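To start, the structure under review is shown below, and the notes come after it.
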Amino acid sequence: MFALADFLIYCFVCAYTPGANNILSMTYASKLGFRRSFRFNLGITAGFLVVMSVCVIFSSTLYTLLPKVKILLQIAGGVYMIYLAWQIWKSSGNLAASENRESTFLSGILLQFINPKIYIYAITAMSLYILPVYQSPQALVIFTLVLTMIGASGSYVWGLFGMIFCKFFEKHAKVVNGVMALLLVYCAISLFF
């Protein structure tokens, strides 16, 4: 049975916690305005789709060829979620980014290929939530699009709120980090039940 709630919690926590996409999107929007930084977010979405597609193919191939890898992927995914929860919990919430690169479509795409958070997000979601239940090519295409939309949506939201979200997050960092960390711990534990 597909654990929809757990899947969505995992996806939204990964998409909306600080990462390269979100922080750069927020930084560009606060410096250039949302409209002028929008092309960077479009690049993130395009790159996200490419990376998601590759990760879905990799995960489904591995899952099909090595069915015994499931428990290893569950353990690795659970450990990663606990690690991510710990990192979120202990982070200070200081989001000051001093990057001053250009906000272009191409820079948004290229960022996806060097952003490890996306690879881990995709492979963990596929191996722990999707592949145990859905394996048809049509379902994998749909989940690729769903993972892309949820994952890339974080950068749009962070960009849209720009400095407002940054100030809110810095002001309430411990509470936000605590809630995100607890949700990840919940997801990690629910993998085995």
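For the structure tokens, the naming scheme is as follows: chains receive sequential letters (A, B, ...) according to their order of presentation, residues are indexed from 1 within each chain, and ligands are indexed from 1 in presentation order.
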
Please identify the helix (DSSP H, G or I) residues within range 16-117 of chain A (assignment by DSSP from backbone atoms) and present them as a VMD selection string. chain A and resid 16 20 to 32 34 to 65 69 to 90 105 to 113 116 to 117

When you look at Thr148 in chain A with a cut-off of 6 Å (counting only C-alpha atoms), what residues show up, excluding the ones that are within fewer than 3 positions of it in the same chain? I need them as a list in words.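 Result of the neighbour search: Phe48, Leu49, Leu145, Gly151 and Ala152 of chain A.
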
Check the smallest atom-to-atom distance from each of A:Ala173, A:Ile9, A:Val54, A:Ala3 to Gln112 in chain A using only C-alpha atoms, then report the winner.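 Of A:Ala173, A:Ile9, A:Val54, A:Ala3, the one nearest Gln112 in chain A, counting only C-alpha atoms, is A:Val54.
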
Counting only C-alpha atoms, what is within 10 Å of Val157 in chain A, bar same-chain residues fewer than 3 positions away, as number ranges by chain? A: 15-16, 22, 25-26, 152-154, 160-162, 165

Near Leu8 in chain A, within 10 Å and counting only C-alpha atoms, which residues show up once chain neighbours fewer than 6 positions away are dropped, as a PyMOL selection string? chain A and resi 14+125+129+147+150+187
